[in-house]
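Quick notes on the structure that follows.
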Amino acid sequence: MISRPAVQIENLSVKFNGMEILKNIHAHIEHGCITAIIGPNGAGKTTLLSALLGLVPCSGIIRFLNENGDVYPPRLAYVPQNLEFDRQSPVTVLDFIALRHQKKPLWMGLSRSTIEASQEALEKLKVSHLLRKPIGKLSGGEIQRVLLAIALRDNPELLLLDEPISGVDVAGGHLFCDILEKLRRQRQLTIVMVSHDLSVVSQHADRVICLNRSVVCEGTTVEVLTSENLFAIYGLHAGLYEYETKNPPIPCDYNAKDKTNSSTAL
């Protein structure tokens, strides 16, 4: 089957205070795939996500392409690595979700539509039981699922996640990624995930971009996660843990309706 790029990145560079964080990035992100961005600390992974979100000044070209290969502005959603908040705050998950979607102050009460929409968003991630729980009492995995539920409310076409399982236990991390895979299949959602956990990447990602200020290599997970490539990126500390699975991920090119698409310059 023919792959269809959702994002094309050409000659992308980012500088801060005269220091080049990213240099001449050339890469593409395929439609309907989970693409992992890996690399050592300081490689520019989060900066690349910020560039895709339009949050940092950069040079070069970023093209977002629809299913017909035409340039368009996609609906983007972002899940951050950490959520900074007061753990002693009495704010509930419902209050937190309503902050974005309700215009009147929370102390004036929540509308029925806000409550129902919040409940529905959490149900899709199987965490509706957390609706009235103080957000400060949630585990790391529960917080990430709540953030994902919020990100999905606007039905995004491109989902960006920065270390989504950082601080989450191994079982919770794989559960979160299983949820991502299900979402990808159901919605043909394009997902870009920064991760340091190579075991998670090897089991859940369809494609990998290896970054160290520039692109070291990119391709399918099997092509990229080789001993030679990992040694070149991480040195002697590289490690890859293989997990057996009874239900391996369905390839991202499962859609039999894929068609050849043409590139359009901005």
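In the structure tokens, chains take the letters A, B, ... in the order shown, each chain's residues start at 1, and ligands count up from 1 in the order shown.
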
Checklist entry - Which polymer residues have any atom within 6 Å of an atom of region 30-43 of chain A, counting only C-alpha atoms, with same-chain residues fewer than 5 positions away left out, as a ChimeraX atom specification? => result /A:4-6,188-195,205-213,252

Requested write-out: C-alpha atoms of the selected residues, as a compact mmCIF listing (two decimals), in the first residue's frame:
# COMPACT_ATOMS: atom_id res chain seq x y z
CA ARG A 4 0.40 9.25 2.62
CA PRO A 5 2.38 11.93 4.46
CA ALA A 6 0.42 14.00 6.97
CA GLN A 188 -7.20 7.11 11.56
CA LEU A 189 -5.51 9.60 13.88
CA THR A 190 -1.96 10.73 13.19
CA ILE A 191 0.07 10.63 16.42
CA VAL A 192 3.54 12.02 17.14
CA MET A 193 5.05 10.95 20.46
CA VAL A 194 8.34 11.99 22.04
CA SER A 195 9.65 9.16 24.20
CA ALA A 205 5.26 2.94 17.35
CA ASP A 206 4.88 2.38 13.61
CA ARG A 207 7.67 4.74 12.60
CA VAL A 208 10.62 6.37 14.38
CA ILE A 209 12.54 9.60 13.87
CA CYS A 210 15.96 9.58 15.56
CA LEU A 211 16.93 13.12 16.45
CA ASN A 212 20.12 14.71 17.71
CA ARG A 213 19.73 18.34 16.65
CA CYS A 252 -0.53 1.97 10.13

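All residues of protein, DNA or RNA that reach within 12 Å of Glu116 (chain A), judged by only C-alpha atoms and not counting those fewer than 4 positions away in the chain, are Leu94, Ile97, Ala98, His101, Leu110, Ser111, Arg112, Glu120, Ala121, Leu122, Glu123, Ser128 and Leu131 of chain A.
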
Resulting file, chosen residues, N, CA and C atoms, as a PDB file, in the first residue's frame:
ATOM      1  N   LEU A  94     -13.570  17.421  36.949  1.00  0.00           N
ATOM      2  CA  LEU A  94     -14.648  18.132  36.263  1.00  0.00           C
ATOM      3  C   LEU A  94     -14.362  19.626  36.186  1.00  0.00           C
ATOM      4  N   ILE A  97     -11.554  20.273  33.574  1.00  0.00           N
ATOM      5  CA  ILE A  97     -12.012  20.197  32.192  1.00  0.00           C
ATOM      6  C   ILE A  97     -12.873  21.406  31.837  1.00  0.00           C
ATOM      7  N   ALA A  98     -13.695  21.847  32.788  1.00  0.00           N
ATOM      8  CA  ALA A  98     -14.614  22.961  32.535  1.00  0.00           C
ATOM      9  C   ALA A  98     -13.894  24.294  32.364  1.00  0.00           C
ATOM     10  N   HIS A 101     -13.844  25.015  28.687  1.00  0.00           N
ATOM     11  CA  HIS A 101     -15.059  24.960  27.880  1.00  0.00           C
ATOM     12  C   HIS A 101     -16.240  25.756  28.439  1.00  0.00           C
ATOM     13  N   LEU A 110     -21.677  24.790  37.292  1.00  0.00           N
ATOM     14  CA  LEU A 110     -21.413  24.213  35.981  1.00  0.00           C
ATOM     15  C   LEU A 110     -22.721  23.887  35.268  1.00  0.00           C
ATOM     16  N   SER A 111     -22.752  24.152  33.984  1.00  0.00           N
ATOM     17  CA  SER A 111     -23.947  23.866  33.202  1.00  0.00           C
ATOM     18  C   SER A 111     -24.078  22.352  32.991  1.00  0.00           C
ATOM     19  N   ARG A 112     -25.291  21.907  32.728  1.00  0.00           N
ATOM     20  CA  ARG A 112     -25.525  20.501  32.473  1.00  0.00           C
ATOM     21  C   ARG A 112     -24.746  20.027  31.246  1.00  0.00           C
ATOM     22  N   GLU A 120     -18.633  12.435  29.056  1.00  0.00           N
ATOM     23  CA  GLU A 120     -18.478  11.703  27.802  1.00  0.00           C
ATOM     24  C   GLU A 120     -17.009  11.607  27.389  1.00  0.00           C
ATOM     25  N   ALA A 121     -16.275  12.716  27.558  1.00  0.00           N
ATOM     26  CA  ALA A 121     -14.862  12.728  27.191  1.00  0.00           C
ATOM     27  C   ALA A 121     -14.072  11.728  28.029  1.00  0.00           C
ATOM     28  N   LEU A 122     -14.386  11.644  29.313  1.00  0.00           N
ATOM     29  CA  LEU A 122     -13.680  10.719  30.201  1.00  0.00           C
ATOM     30  C   LEU A 122     -14.080   9.274  29.945  1.00  0.00           C
ATOM     31  N   GLU A 123     -15.330   9.049  29.586  1.00  0.00           N
ATOM     32  CA  GLU A 123     -15.793   7.688  29.315  1.00  0.00           C
ATOM     33  C   GLU A 123     -15.030   7.049  28.167  1.00  0.00           C
ATOM     34  N   SER A 128     -14.171   7.717  33.553  1.00  0.00           N
ATOM     35  CA  SER A 128     -15.303   8.551  33.968  1.00  0.00           C
ATOM     36  C   SER A 128     -15.484   8.553  35.488  1.00  0.00           C
ATOM     37  N   LEU A 131     -14.373  11.723  37.542  1.00  0.00           N
ATOM     38  CA  LEU A 131     -14.984  13.022  37.268  1.00  0.00           C
ATOM     39  C   LEU A 131     -15.004  13.940  38.489  1.00  0.00           C
TER      40      LEU A 131
END

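Of the residues under consideration (A:Val216, A:Ile62, A:Ile115, A:Leu83), A:Leu83 shows the shortest atom-to-atom contact distance to Gly167 (chain A) when counting only C-alpha atoms.
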
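CA of Ala117 (chain A) is found 18.1 Å from CA of Ile143 (chain A).
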
Set the distance at 9 Å and use only C-alpha atoms: which residues neighbour Lys23 (chain A) once local chain neighbours fewer than 4 positions away are removed? I'd like the list as a CSV table (one decimal) with C-alpha atoms, in the first residue's frame.
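Saved as around.csv:
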chain,number,residue,atom,x,y,z
A,11,ASN,CA,15.2,22.2,6.0
A,12,LEU,CA,13.8,23.2,9.4
A,13,SER,CA,16.1,25.0,11.8
A,14,VAL,CA,15.5,26.6,15.2
A,15,LYS,CA,17.8,29.0,17.0
A,213,ARG,CA,19.7,18.3,16.7
A,214,SER,CA,19.4,17.0,13.1
A,215,VAL,CA,17.8,13.8,11.9

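Closest to Gln119 (chain A) among A:Ile150, A:Leu55, A:Leu160, A:Leu230 is A:Ile150, based on only C-alpha atoms.
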
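Residues in contact with Pro73 (chain A) at up to 10 Å, not including ones fewer than 4 positions away on its chain and judged by only C-alpha atoms, are A:Arg63, A:Phe64, A:Leu65, A:Asn66, A:Glu157.
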
Next on the checklist: Using only C-alpha atoms, which protein or nucleic acid residues come within 10 Å of Phe96 (chain A)? Drop anything in the same chain fewer than 3 positions from it, and give the result as a VMD selection string.
Outcome noted: chain A and resid 91 to 93 99 to 101 106 118 131 134 to 135 146 to 147 150

Next on the checklist: Between A:Ile25, A:Leu48, A:Thr220, A:Lys126, which residue has the minimum interatomic distance to Glu142 (chain A), considering only C-alpha atoms?
Outcome noted: A:Lys126

I need the residues of region 1-192 of chain A that end up classed as alpha helix (DSSP H) by DSSP on the backbone, written out as a JSON list (two decimals) with N, CA and C atoms, in the first residue's frame.
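Result written to part.json:
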[["chain", "number", "residue", "atom", "x", "y", "z"],
["A", 45, "LYS", "N", 14.02, 17.35, 20.81],
["A", 45, "LYS", "CA", 12.75, 16.65, 20.56],
["A", 45, "LYS", "C", 11.54, 17.53, 20.89],
["A", 46, "THR", "N", 11.54, 18.12, 22.08],
["A", 46, "THR", "CA", 10.43, 18.99, 22.48],
["A", 46, "THR", "C", 10.39, 20.23, 21.60],
["A", 47, "THR", "N", 11.55, 20.73, 21.20],
["A", 47, "THR", "CA", 11.60, 21.89, 20.31],
["A", 47, "THR", "C", 10.94, 21.59, 18.97],
["A", 48, "LEU", "N", 11.14, 20.37, 18.48],
["A", 48, "LEU", "CA", 10.50, 19.98, 17.22],
["A", 48, "LEU", "C", 8.98, 19.97, 17.37],
["A", 49, "LEU", "N", 8.47, 19.46, 18.48],
["A", 49, "LEU", "CA", 7.03, 19.51, 18.73],
["A", 49, "LEU", "C", 6.55, 20.95, 18.78],
["A", 50, "SER", "N", 7.31, 21.81, 19.45],
["A", 50, "SER", "CA", 6.94, 23.22, 19.55],
["A", 50, "SER", "C", 6.89, 23.88, 18.18],
["A", 51, "ALA", "N", 7.81, 23.50, 17.30],
["A", 51, "ALA", "CA", 7.82, 24.04, 15.94],
["A", 51, "ALA", "C", 6.57, 23.59, 15.19],
["A", 52, "LEU", "N", 6.18, 22.33, 15.36],
["A", 52, "LEU", "CA", 4.97, 21.83, 14.70],
["A", 52, "LEU", "C", 3.72, 22.56, 15.21],
["A", 93, "VAL", "N", -11.47, 16.96, 38.73],
["A", 93, "VAL", "CA", -11.26, 16.71, 37.30],
["A", 93, "VAL", "C", -12.33, 17.45, 36.49],
["A", 94, "LEU", "N", -13.57, 17.42, 36.95],
["A", 94, "LEU", "CA", -14.65, 18.13, 36.26],
["A", 94, "LEU", "C", -14.36, 19.63, 36.19],
["A", 95, "ASP", "N", -13.93, 20.21, 37.30],
["A", 95, "ASP", "CA", -13.58, 21.64, 37.31],
["A", 95, "ASP", "C", -12.47, 21.93, 36.30],
["A", 96, "PHE", "N", -11.47, 21.06, 36.29],
["A", 96, "PHE", "CA", -10.31, 21.27, 35.41],
["A", 96, "PHE", "C", -10.72, 21.24, 33.94],
["A", 97, "ILE", "N", -11.55, 20.27, 33.57],
["A", 97, "ILE", "CA", -12.01, 20.20, 32.19],
["A", 97, "ILE", "C", -12.87, 21.41, 31.84],
["A", 98, "ALA", "N", -13.69, 21.85, 32.79],
["A", 98, "ALA", "CA", -14.61, 22.96, 32.54],
["A", 98, "ALA", "C", -13.89, 24.29, 32.36],
["A", 99, "LEU", "N", -12.67, 24.41, 32.88],
["A", 99, "LEU", "CA", -11.92, 25.67, 32.78],
["A", 99, "LEU", "C", -11.80, 26.14, 31.33],
["A", 100, "ARG", "N", -11.68, 25.18, 30.42],
["A", 100, "ARG", "CA", -11.49, 25.53, 29.02],
["A", 100, "ARG", "C", -12.82, 25.74, 28.28],
["A", 101, "HIS", "N", -13.84, 25.02, 28.69],
["A", 101, "HIS", "CA", -15.06, 24.96, 27.88],
["A", 101, "HIS", "C", -16.24, 25.76, 28.44],
["A", 112, "ARG", "N", -25.29, 21.91, 32.73],
["A", 112, "ARG", "CA", -25.53, 20.50, 32.47],
["A", 112, "ARG", "C", -24.75, 20.03, 31.25],
["A", 113, "SER", "N", -24.69, 20.88, 30.23],
["A", 113, "SER", "CA", -23.98, 20.50, 29.00],
["A", 113, "SER", "C", -22.49, 20.31, 29.26],
["A", 114, "THR", "N", -21.92, 21.14, 30.13],
["A", 114, "THR", "CA", -20.51, 21.01, 30.48],
["A", 114, "THR", "C", -20.25, 19.71, 31.22],
["A", 115, "ILE", "N", -21.12, 19.38, 32.15],
["A", 115, "ILE", "CA", -20.96, 18.15, 32.93],
["A", 115, "ILE", "C", -21.10, 16.93, 32.02],
["A", 116, "GLU", "N", -22.10, 16.94, 31.15],
["A", 116, "GLU", "CA", -22.32, 15.80, 30.26],
["A", 116, "GLU", "C", -21.17, 15.63, 29.26],
["A", 117, "ALA", "N", -20.68, 16.75, 28.73],
["A", 117, "ALA", "CA", -19.57, 16.68, 27.76],
["A", 117, "ALA", "C", -18.30, 16.18, 28.44],
["A", 118, "SER", "N", -18.07, 16.60, 29.68],
["A", 118, "SER", "CA", -16.89, 16.17, 30.43],
["A", 118, "SER", "C", -16.97, 14.68, 30.74],
["A", 119, "GLN", "N", -18.16, 14.24, 31.14],
["A", 119, "GLN", "CA", -18.37, 12.82, 31.43],
["A", 119, "GLN", "C", -18.14, 11.98, 30.18],
["A", 120, "GLU", "N", -18.63, 12.44, 29.06],
["A", 120, "GLU", "CA", -18.48, 11.70, 27.80],
["A", 120, "GLU", "C", -17.01, 11.61, 27.39],
["A", 121, "ALA", "N", -16.28, 12.72, 27.56],
["A", 121, "ALA", "CA", -14.86, 12.73, 27.19],
["A", 121, "ALA", "C", -14.07, 11.73, 28.03],
["A", 122, "LEU", "N", -14.39, 11.64, 29.31],
["A", 122, "LEU", "CA", -13.68, 10.72, 30.20],
["A", 122, "LEU", "C", -14.08, 9.27, 29.95],
["A", 123, "GLU", "N", -15.33, 9.05, 29.59],
["A", 123, "GLU", "CA", -15.79, 7.69, 29.32],
["A", 123, "GLU", "C", -15.03, 7.05, 28.17],
["A", 140, "GLY", "N", -0.04, 9.42, 38.24],
["A", 140, "GLY", "CA", 0.53, 9.94, 37.00],
["A", 140, "GLY", "C", -0.19, 9.43, 35.77],
["A", 141, "GLY", "N", -0.53, 8.13, 35.77],
["A", 141, "GLY", "CA", -1.23, 7.55, 34.64],
["A", 141, "GLY", "C", -2.64, 8.11, 34.49],
["A", 142, "GLU", "N", -3.32, 8.34, 35.62],
["A", 142, "GLU", "CA", -4.67, 8.91, 35.57],
["A", 142, "GLU", "C", -4.64, 10.34, 35.03],
["A", 143, "ILE", "N", -3.65, 11.12, 35.45],
["A", 143, "ILE", "CA", -3.54, 12.49, 34.95],
["A", 143, "ILE", "C", -3.33, 12.51, 33.44],
["A", 144, "GLN", "N", -2.47, 11.63, 32.95],
["A", 144, "GLN", "CA", -2.21, 11.60, 31.51],
["A", 144, "GLN", "C", -3.46, 11.21, 30.73],
["A", 145, "ARG", "N", -4.27, 10.31, 31.26],
["A", 145, "ARG", "CA", -5.49, 9.91, 30.57],
["A", 145, "ARG", "C", -6.52, 11.03, 30.60],
["A", 146, "VAL", "N", -6.55, 11.80, 31.68],
["A", 146, "VAL", "CA", -7.44, 12.97, 31.73],
["A", 146, "VAL", "C", -6.99, 14.01, 30.71],
["A", 147, "LEU", "N", -5.69, 14.27, 30.64],
["A", 147, "LEU", "CA", -5.17, 15.24, 29.67],
["A", 147, "LEU", "C", -5.46, 14.78, 28.24],
["A", 148, "LEU", "N", -5.33, 13.48, 28.00],
["A", 148, "LEU", "CA", -5.63, 12.95, 26.67],
["A", 148, "LEU", "C", -7.12, 13.12, 26.35],
["A", 149, "ALA", "N", -7.97, 12.87, 27.34],
["A", 149, "ALA", "CA", -9.41, 13.05, 27.13],
["A", 149, "ALA", "C", -9.73, 14.49, 26.75],
["A", 150, "ILE", "N", -9.08, 15.44, 27.41],
["A", 150, "ILE", "CA", -9.29, 16.85, 27.09],
["A", 150, "ILE", "C", -8.80, 17.16, 25.68],
["A", 151, "ALA", "N", -7.63, 16.62, 25.33],
["A", 151, "ALA", "CA", -7.06, 16.88, 24.00],
["A", 151, "ALA", "C", -7.95, 16.33, 22.89],
["A", 152, "LEU", "N", -8.65, 15.24, 23.15],
["A", 152, "LEU", "CA", -9.47, 14.59, 22.12],
["A", 152, "LEU", "C", -10.85, 15.20, 21.97],
["A", 170, "VAL", "N", 5.37, 0.98, 34.49],
["A", 170, "VAL", "CA", 5.48, 0.24, 33.23],
["A", 170, "VAL", "C", 4.11, -0.22, 32.72],
["A", 171, "ALA", "N", 3.32, -0.82, 33.62],
["A", 171, "ALA", "CA", 2.01, -1.32, 33.21],
["A", 171, "ALA", "C", 1.11, -0.18, 32.74],
["A", 172, "GLY", "N", 1.14, 0.94, 33.48],
["A", 172, "GLY", "CA", 0.34, 2.10, 33.11],
["A", 172, "GLY", "C", 0.78, 2.71, 31.79],
["A", 173, "GLY", "N", 2.09, 2.67, 31.54],
["A", 173, "GLY", "CA", 2.62, 3.20, 30.30],
["A", 173, "GLY", "C", 2.15, 2.41, 29.09],
["A", 174, "HIS", "N", 2.19, 1.09, 29.20],
["A", 174, "HIS", "CA", 1.74, 0.25, 28.09],
["A", 174, "HIS", "C", 0.23, 0.34, 27.91],
["A", 175, "LEU", "N", -0.52, 0.51, 29.00],
["A", 175, "LEU", "CA", -1.96, 0.69, 28.90],
["A", 175, "LEU", "C", -2.27, 1.98, 28.15],
["A", 176, "PHE", "N", -1.56, 3.04, 28.48],
["A", 176, "PHE", "CA", -1.76, 4.33, 27.81],
["A", 176, "PHE", "C", -1.49, 4.18, 26.32],
["A", 177, "CYS", "N", -0.42, 3.49, 25.96],
["A", 177, "CYS", "CA", -0.07, 3.32, 24.55],
["A", 177, "CYS", "C", -1.05, 2.39, 23.84],
["A", 178, "ASP", "N", -1.60, 1.42, 24.55],
["A", 178, "ASP", "CA", -2.65, 0.58, 23.97],
["A", 178, "ASP", "C", -3.86, 1.44, 23.60],
["A", 179, "ILE", "N", -4.18, 2.39, 24.47],
["A", 179, "ILE", "CA", -5.29, 3.31, 24.20],
["A", 179, "ILE", "C", -5.00, 4.15, 22.96],
["A", 180, "LEU", "N", -3.76, 4.62, 22.84],
["A", 180, "LEU", "CA", -3.37, 5.40, 21.67],
["A", 180, "LEU", "C", -3.53, 4.58, 20.39],
["A", 181, "GLU", "N", -3.10, 3.34, 20.44],
["A", 181, "GLU", "CA", -3.22, 2.48, 19.25],
["A", 181, "GLU", "C", -4.69, 2.30, 18.86],
["A", 182, "LYS", "N", -5.56, 2.11, 19.83],
["A", 182, "LYS", "CA", -6.98, 1.94, 19.55],
["A", 182, "LYS", "C", -7.55, 3.21, 18.93],
["A", 183, "LEU", "N", -7.17, 4.35, 19.47],
["A", 183, "LEU", "CA", -7.64, 5.63, 18.92],
["A", 183, "LEU", "C", -7.15, 5.82, 17.49],
["A", 184, "ARG", "N", -5.91, 5.45, 17.25],
["A", 184, "ARG", "CA", -5.35, 5.58, 15.91],
["A", 184, "ARG", "C", -6.13, 4.74, 14.90],
["A", 185, "ARG", "N", -6.48, 3.53, 15.29],
["A", 185, "ARG", "CA", -7.22, 2.66, 14.39],
["A", 185, "ARG", "C", -8.64, 3.17, 14.17],
["A", 186, "GLN", "N", -9.30, 3.58, 15.25],
["A", 186, "GLN", "CA", -10.70, 3.99, 15.15],
["A", 186, "GLN", "C", -10.86, 5.30, 14.36],
["A", 187, "ARG", "N", -9.95, 6.24, 14.57],
["A", 187, "ARG", "CA", -10.10, 7.57, 13.98],
["A", 187, "ARG", "C", -9.14, 7.84, 12.83]]

Next on the checklist: DSSP on the backbone, strand (DSSP E) only: what residues of region 115-235 of chain A does that give? Format it as an MDAnalysis selection string.
Outcome noted: chainID A and resid 158:162 190:194 207:211 215:220
